[in-house]
Amino acid sequence: MHASRASLAAPLALALALAFLVLPGSALAADPAPMPGVGLAEAWPGVKFTEPVFCVSDGSPDSMFVGEQTGQIVKVAKWRGQGAVPQPTVWLDLKSKVAYEGQGGLLGCAFHPQFAQNGRVFVSYLAKGPGGENAFVLVVSEFAATPGGSCDGASEKRVLQIGKRRNIHQGGGLAFGPDGMLYLGVGDGGDPVSQQTVGKDFPSQTPNNPLGKILRMDVSTVGKCVPGAGNPWATGQGWMPFIYAYGFRNPWRFDWDAQGRMWTAEPGTSGEGSREWVTEIKRGMNHGWPYFEGDRPFAQGG
């Protein structure tokens with residue numbers, strides 16, 4: 001698989017690689033022993049995608065969906081190593097709606113757990129906003145699709161919008177959890193933070209600000225989302241009730257392991273001593289940014 005230039009996947013790959021291989025004050029870990037029968041193979045030899053940022057399944061054994069940051073989701077049949085390599089076809093085109101600049105564009109996609117029966121799919125992307133504090137808008141929209149067929153771009157229903165000043169640190173990771181709730185990772189907005197920064201009003205640490213958070217949503221009703229039952233601040237208490245966990249820098253991808261634990265990789269700052277880290281996401285927990293970057297103290301004031 002080839003991309004026209006480095007995509008948003010690079011920070012996540014770097015974070016995963018460094019977080020697992022580098023320990024503070026230690027040498028690089030030894031290469032793991034090879035696993036018999038396991039190797040790497042090109043999924044679609046010779047096929048080119050434009051800025052691929054995710055590859056997701058609708059639950060079918062035959063197809064995958066590749067999201068291109070420029071604004072399209074393409075559908076491509078799985079290739080089993082025999083016969084002609086399948087070519088992608090456009091499944092959903094949002095090029096006219098996404099703000100493809102900086103780290104913006106098409107960001108995430110999640111098929112409803114009952115997609116085969118209801119045809120519901122959710123997409124996150126950055127769009128232009130009215131200006132000022134809302135120069136951009138991080139959008140989560142629901143679309144209607146035909147299982148095994150196409151997605152109707154005209155069926156879009158915006159279920160959540162988050163205003164942003166800048167076109168970096170979007171987050172945008174979108175996935176259904178084992179509990180059937182829809183989770184969204186939201187970046188901290190990208191305002192400069194350094195080790196000399198002092199203050200207690202960082203977006204990722206502010207209770208009523210969705211930036212730098214993991215949000216958890218109930219999308220049981222078509223075209224609508226409400227805070228998930230069991231969210232730590234579902235009744236408010238000064239907090240945005242959608243918030244599930246906080247203190248993140250740019251959690252734009254996450255997943256659950258076999259034990260049901262939720263994990264994300266975080267890209268760190270640049271410069272000497274910076275950290276890339278993997279975090280277990282826990283309900284109601286402060287995950288540290290920007291008071292900590294991984295395991296090292298960072299901004300002051302925490």
# chains A, B, ... in the order shown; residues from 1 in each chain; ligands from 1
>>> closest_atom_pairs(of="region 87-188 of chain A", to="region 236-247 of chain A", cutoff="10 Å", atoms="only C-alpha atoms", output="CSV")
residue,atom,partner,partner_atom,distance
A:Tyr183,CA,A:Tyr244,CA,8.7
A:Leu184,CA,A:Tyr244,CA,9.6
A:Gly185,CA,A:Ala245,CA,9.7
A:Val186,CA,A:Tyr246,CA,9.6
A:Gly187,CA,A:Gly247,CA,9.8
A:Asp188,CA,A:Gly247,CA,8.6
>>> write_last_selection(atoms="C-alpha atoms", output="PDB file, in the first residue's frame")
ATOM      1  CA  TYR A 183     -16.342   6.916  21.783  1.00  0.00           C
ATOM      2  CA  LEU A 184     -14.602   9.993  20.351  1.00  0.00           C
ATOM      3  CA  GLY A 185     -11.042  11.151  20.989  1.00  0.00           C
ATOM      4  CA  VAL A 186     -10.645  14.937  20.988  1.00  0.00           C
ATOM      5  CA  GLY A 187      -7.244  16.649  20.833  1.00  0.00           C
ATOM      6  CA  ASP A 188      -6.265  19.521  23.123  1.00  0.00           C
TER       7      ASP A 188
END
>>> residues_around(residues="Gly171 (chain A)", least_positions_apart="2", cutoff="10 Å", atoms="only C-alpha atoms", output="ChimeraX atom specification")
/A:103-104,107-108,124-126,138,168-169,173-174,184-189,211-214,248-253
>>> closest_residue(among="A:Gly223, A:Gly67, A:Gly180, A:Pro290", to="Glu142 (chain A)", atoms="only C-alpha atoms")
A:Gly223
>>> select_by_dssp(residues="region 6-239 of chain A", states="alpha helix (DSSP H)", output="compact mmCIF listing (two decimals) with N, CA and C atoms, in the first residue's frame")
# COMPACT_ATOMS: atom_id res chain seq x y z
N ALA A 9 -1.18 8.94 10.10
CA ALA A 9 -0.86 7.67 10.74
C ALA A 9 0.54 7.68 11.35
N ALA A 10 1.42 8.57 10.87
CA ALA A 10 2.79 8.56 11.34
C ALA A 10 2.92 8.81 12.83
N PRO A 11 2.23 9.84 13.41
CA PRO A 11 2.38 10.04 14.85
C PRO A 11 1.95 8.84 15.68
N LEU A 12 0.88 8.16 15.26
CA LEU A 12 0.43 7.00 16.02
C LEU A 12 1.43 5.87 15.93
N ALA A 13 1.94 5.62 14.72
CA ALA A 13 2.92 4.55 14.58
C ALA A 13 4.16 4.83 15.39
N LEU A 14 4.61 6.10 15.37
CA LEU A 14 5.79 6.47 16.14
C LEU A 14 5.53 6.31 17.63
N ALA A 15 4.35 6.73 18.07
CA ALA A 15 4.05 6.62 19.49
C ALA A 15 4.04 5.17 19.95
N LEU A 16 3.42 4.31 19.16
CA LEU A 16 3.38 2.90 19.53
C LEU A 16 4.78 2.30 19.54
N ALA A 17 5.57 2.63 18.52
CA ALA A 17 6.91 2.04 18.43
C ALA A 17 7.78 2.47 19.59
N LEU A 18 7.81 3.77 19.87
CA LEU A 18 8.69 4.26 20.91
C LEU A 18 8.20 3.87 22.30
N ALA A 19 6.89 3.92 22.49
CA ALA A 19 6.37 3.63 23.83
C ALA A 19 6.67 2.19 24.23
N PHE A 20 6.64 1.26 23.29
CA PHE A 20 6.88 -0.13 23.63
C PHE A 20 8.36 -0.49 23.63
N LEU A 21 9.17 0.24 22.86
CA LEU A 21 10.56 -0.14 22.73
C LEU A 21 11.51 0.64 23.62
N PHE A 115 -24.70 -2.85 12.09
CA PHE A 115 -24.70 -2.24 10.75
C PHE A 115 -25.39 -3.12 9.71
N ALA A 116 -25.19 -4.43 9.79
CA ALA A 116 -25.78 -5.33 8.80
C ALA A 116 -27.30 -5.25 8.79
N GLN A 117 -27.87 -4.84 9.93
CA GLN A 117 -29.33 -4.72 10.01
C GLN A 117 -29.82 -3.28 9.82
N ASN A 118 -29.05 -2.29 10.32
CA ASN A 118 -29.58 -0.92 10.29
C ASN A 118 -28.86 0.04 9.35
>>> atom_distance(atom1="CA of Ala127 (chain A)", atom2="CA of Phe143 (chain A)")
16.4 Å
>>> residues_around(residues="region 100-102 of chain A", least_positions_apart="2", cutoff="12 Å", atoms="only C-alpha atoms", output="JSON, numbers by chain")
{"A": [7, 8, 51, 68, 69, 70, 71, 72, 94, 95, 96, 97, 98, 104, 105, 106, 107, 125, 126, 127, 128, 136, 166, 167, 168, 169, 170, 190]}
>>> write_last_selection(atoms="N, CA and C atoms", output="PDB file, in the first residue's frame")
ATOM      1  N   SER A   7       1.132  10.605   6.218  1.00  0.00           N
ATOM      2  CA  SER A   7      -0.219  10.911   6.671  1.00  0.00           C
ATOM      3  C   SER A   7      -0.263  11.012   8.175  1.00  0.00           C
ATOM      4  N   LEU A   8      -1.457  11.240   8.690  1.00  0.00           N
ATOM      5  CA  LEU A   8      -1.634  11.338  10.136  1.00  0.00           C
ATOM      6  C   LEU A   8      -1.316  10.031  10.840  1.00  0.00           C
ATOM      7  N   GLU A  51      -3.316   9.813   1.140  1.00  0.00           N
ATOM      8  CA  GLU A  51      -3.345  10.164   2.565  1.00  0.00           C
ATOM      9  C   GLU A  51      -4.220   9.208   3.385  1.00  0.00           C
ATOM     10  N   GLU A  68      -9.416   8.337   3.455  1.00  0.00           N
ATOM     11  CA  GLU A  68      -8.377   9.230   2.954  1.00  0.00           C
ATOM     12  C   GLU A  68      -8.584  10.611   3.554  1.00  0.00           C
ATOM     13  N   GLN A  69      -7.527  11.168   4.122  1.00  0.00           N
ATOM     14  CA  GLN A  69      -7.618  12.442   4.830  1.00  0.00           C
ATOM     15  C   GLN A  69      -8.208  13.548   3.954  1.00  0.00           C
ATOM     16  N   THR A  70      -8.031  13.437   2.656  1.00  0.00           N
ATOM     17  CA  THR A  70      -8.538  14.446   1.737  1.00  0.00           C
ATOM     18  C   THR A  70     -10.061  14.490   1.672  1.00  0.00           C
ATOM     19  N   GLY A  71     -10.735  13.432   2.166  1.00  0.00           N
ATOM     20  CA  GLY A  71     -12.191  13.521   2.265  1.00  0.00           C
ATOM     21  C   GLY A  71     -13.002  12.386   1.700  1.00  0.00           C
ATOM     22  N   GLN A  72     -12.361  11.307   1.283  1.00  0.00           N
ATOM     23  CA  GLN A  72     -13.118  10.186   0.743  1.00  0.00           C
ATOM     24  C   GLN A  72     -12.904   8.925   1.564  1.00  0.00           C
ATOM     25  N   LEU A  94     -16.675  13.227   0.865  1.00  0.00           N
ATOM     26  CA  LEU A  94     -16.925  14.425   1.679  1.00  0.00           C
ATOM     27  C   LEU A  94     -15.920  15.532   1.363  1.00  0.00           C
ATOM     28  N   LYS A  95     -15.298  15.463   0.199  1.00  0.00           N
ATOM     29  CA  LYS A  95     -14.261  16.426  -0.137  1.00  0.00           C
ATOM     30  C   LYS A  95     -14.760  17.868  -0.081  1.00  0.00           C
ATOM     31  N   SER A  96     -16.000  18.087  -0.431  1.00  0.00           N
ATOM     32  CA  SER A  96     -16.538  19.452  -0.441  1.00  0.00           C
ATOM     33  C   SER A  96     -16.849  19.969   0.957  1.00  0.00           C
ATOM     34  N   LYS A  97     -16.778  19.086   1.964  1.00  0.00           N
ATOM     35  CA  LYS A  97     -17.161  19.476   3.322  1.00  0.00           C
ATOM     36  C   LYS A  97     -15.989  19.536   4.287  1.00  0.00           C
ATOM     37  N   VAL A  98     -14.948  18.733   4.055  1.00  0.00           N
ATOM     38  CA  VAL A  98     -13.857  18.669   5.028  1.00  0.00           C
ATOM     39  C   VAL A  98     -12.889  19.828   4.835  1.00  0.00           C
ATOM     40  N   GLY A 104      -6.112  18.539   9.699  1.00  0.00           N
ATOM     41  CA  GLY A 104      -7.544  18.407   9.489  1.00  0.00           C
ATOM     42  C   GLY A 104      -7.870  17.564   8.274  1.00  0.00           C
ATOM     43  N   GLY A 105      -9.155  17.322   8.083  1.00  0.00           N
ATOM     44  CA  GLY A 105      -9.646  16.514   6.985  1.00  0.00           C
ATOM     45  C   GLY A 105     -10.565  15.430   7.514  1.00  0.00           C
ATOM     46  N   LEU A 106     -10.690  14.359   6.759  1.00  0.00           N
ATOM     47  CA  LEU A 106     -11.447  13.190   7.214  1.00  0.00           C
ATOM     48  C   LEU A 106     -10.616  12.475   8.270  1.00  0.00           C
ATOM     49  N   LEU A 107     -11.228  12.136   9.409  1.00  0.00           N
ATOM     50  CA  LEU A 107     -10.445  11.664  10.551  1.00  0.00           C
ATOM     51  C   LEU A 107     -10.810  10.267  11.038  1.00  0.00           C
ATOM     52  N   TYR A 125     -14.854  14.391  11.062  1.00  0.00           N
ATOM     53  CA  TYR A 125     -14.012  15.175  10.156  1.00  0.00           C
ATOM     54  C   TYR A 125     -13.939  16.612  10.654  1.00  0.00           C
ATOM     55  N   LEU A 126     -12.924  17.334  10.154  1.00  0.00           N
ATOM     56  CA  LEU A 126     -12.783  18.748  10.473  1.00  0.00           C
ATOM     57  C   LEU A 126     -13.409  19.566   9.352  1.00  0.00           C
ATOM     58  N   ALA A 127     -14.225  20.547   9.741  1.00  0.00           N
ATOM     59  CA  ALA A 127     -14.867  21.441   8.774  1.00  0.00           C
ATOM     60  C   ALA A 127     -14.532  22.882   9.130  1.00  0.00           C
ATOM     61  N   LYS A 128     -14.741  23.769   8.196  1.00  0.00           N
ATOM     62  CA  LYS A 128     -14.583  25.188   8.460  1.00  0.00           C
ATOM     63  C   LYS A 128     -15.698  25.654   9.390  1.00  0.00           C
ATOM     64  N   PHE A 136     -12.696  26.497  13.148  1.00  0.00           N
ATOM     65  CA  PHE A 136     -12.928  25.146  12.642  1.00  0.00           C
ATOM     66  C   PHE A 136     -13.940  24.447  13.538  1.00  0.00           C
ATOM     67  N   ARG A 166      -7.731  26.116  15.953  1.00  0.00           N
ATOM     68  CA  ARG A 166      -6.614  25.758  15.095  1.00  0.00           C
ATOM     69  C   ARG A 166      -6.874  24.455  14.347  1.00  0.00           C
ATOM     70  N   ASN A 167      -6.060  24.213  13.311  1.00  0.00           N
ATOM     71  CA  ASN A 167      -6.271  23.021  12.482  1.00  0.00           C
ATOM     72  C   ASN A 167      -5.314  21.887  12.831  1.00  0.00           C
ATOM     73  N   ILE A 168      -4.821  21.873  14.088  1.00  0.00           N
ATOM     74  CA  ILE A 168      -3.970  20.776  14.552  1.00  0.00           C
ATOM     75  C   ILE A 168      -4.555  20.178  15.826  1.00  0.00           C
ATOM     76  N   HIS A 169      -4.018  19.015  16.210  1.00  0.00           N
ATOM     77  CA  HIS A 169      -4.472  18.304  17.423  1.00  0.00           C
ATOM     78  C   HIS A 169      -5.994  18.136  17.420  1.00  0.00           C
ATOM     79  N   GLN A 170      -6.487  17.498  16.366  1.00  0.00           N
ATOM     80  CA  GLN A 170      -7.923  17.278  16.265  1.00  0.00           C
ATOM     81  C   GLN A 170      -8.403  16.123  17.139  1.00  0.00           C
ATOM     82  N   GLY A 190      -4.105  22.180  20.302  1.00  0.00           N
ATOM     83  CA  GLY A 190      -2.830  22.555  19.719  1.00  0.00           C
ATOM     84  C   GLY A 190      -2.239  23.867  20.172  1.00  0.00           C
TER      85      GLY A 190
END
>>> closest_residue(among="A:Gly163, A:Gly301, A:Pro210, A:Gly228", to="Phe176 (chain A)", atoms="only C-alpha atoms")
A:Gly228
>>> closest_residue(among="A:Ala299, A:Leu160, A:Met64, A:Met217", to="Asp201 (chain A)", atoms="only C-alpha atoms")
A:Ala299
>>> residues_around(residues="Pro113 (chain A)", least_positions_apart="5", cutoff="12 Å", atoms="only C-alpha atoms", output="list in words")
Ser57, Asp58, Gly59, Ser60, Asn118, Gly119, Arg120, Val121, Phe122, Ala175, Phe176, Gly177, Pro178, Asp179, Gly180, Met181, Leu182, Val219 and Ser220 of chain A
>>> atom_distance(atom1="CA of Ser141 (chain A)", atom2="CA of Val159 (chain A)")
5.4 Å
>>> atom_distance(atom1="CA of Gly46 (chain A)", atom2="CA of Thr89 (chain A)")
15.1 Å
>>> select_by_dssp(residues="region 214-268 of chain A", states="strand (DSSP E)", output="PyMOL selection string")
chain A and resi 214-218+226-227+243-246+254-256+262-266
>>> closest_residue(among="A:Lys282, A:Arg296, A:Arg80, A:His112", to="Ala43 (chain A)", atoms="only C-alpha atoms")
A:Arg80
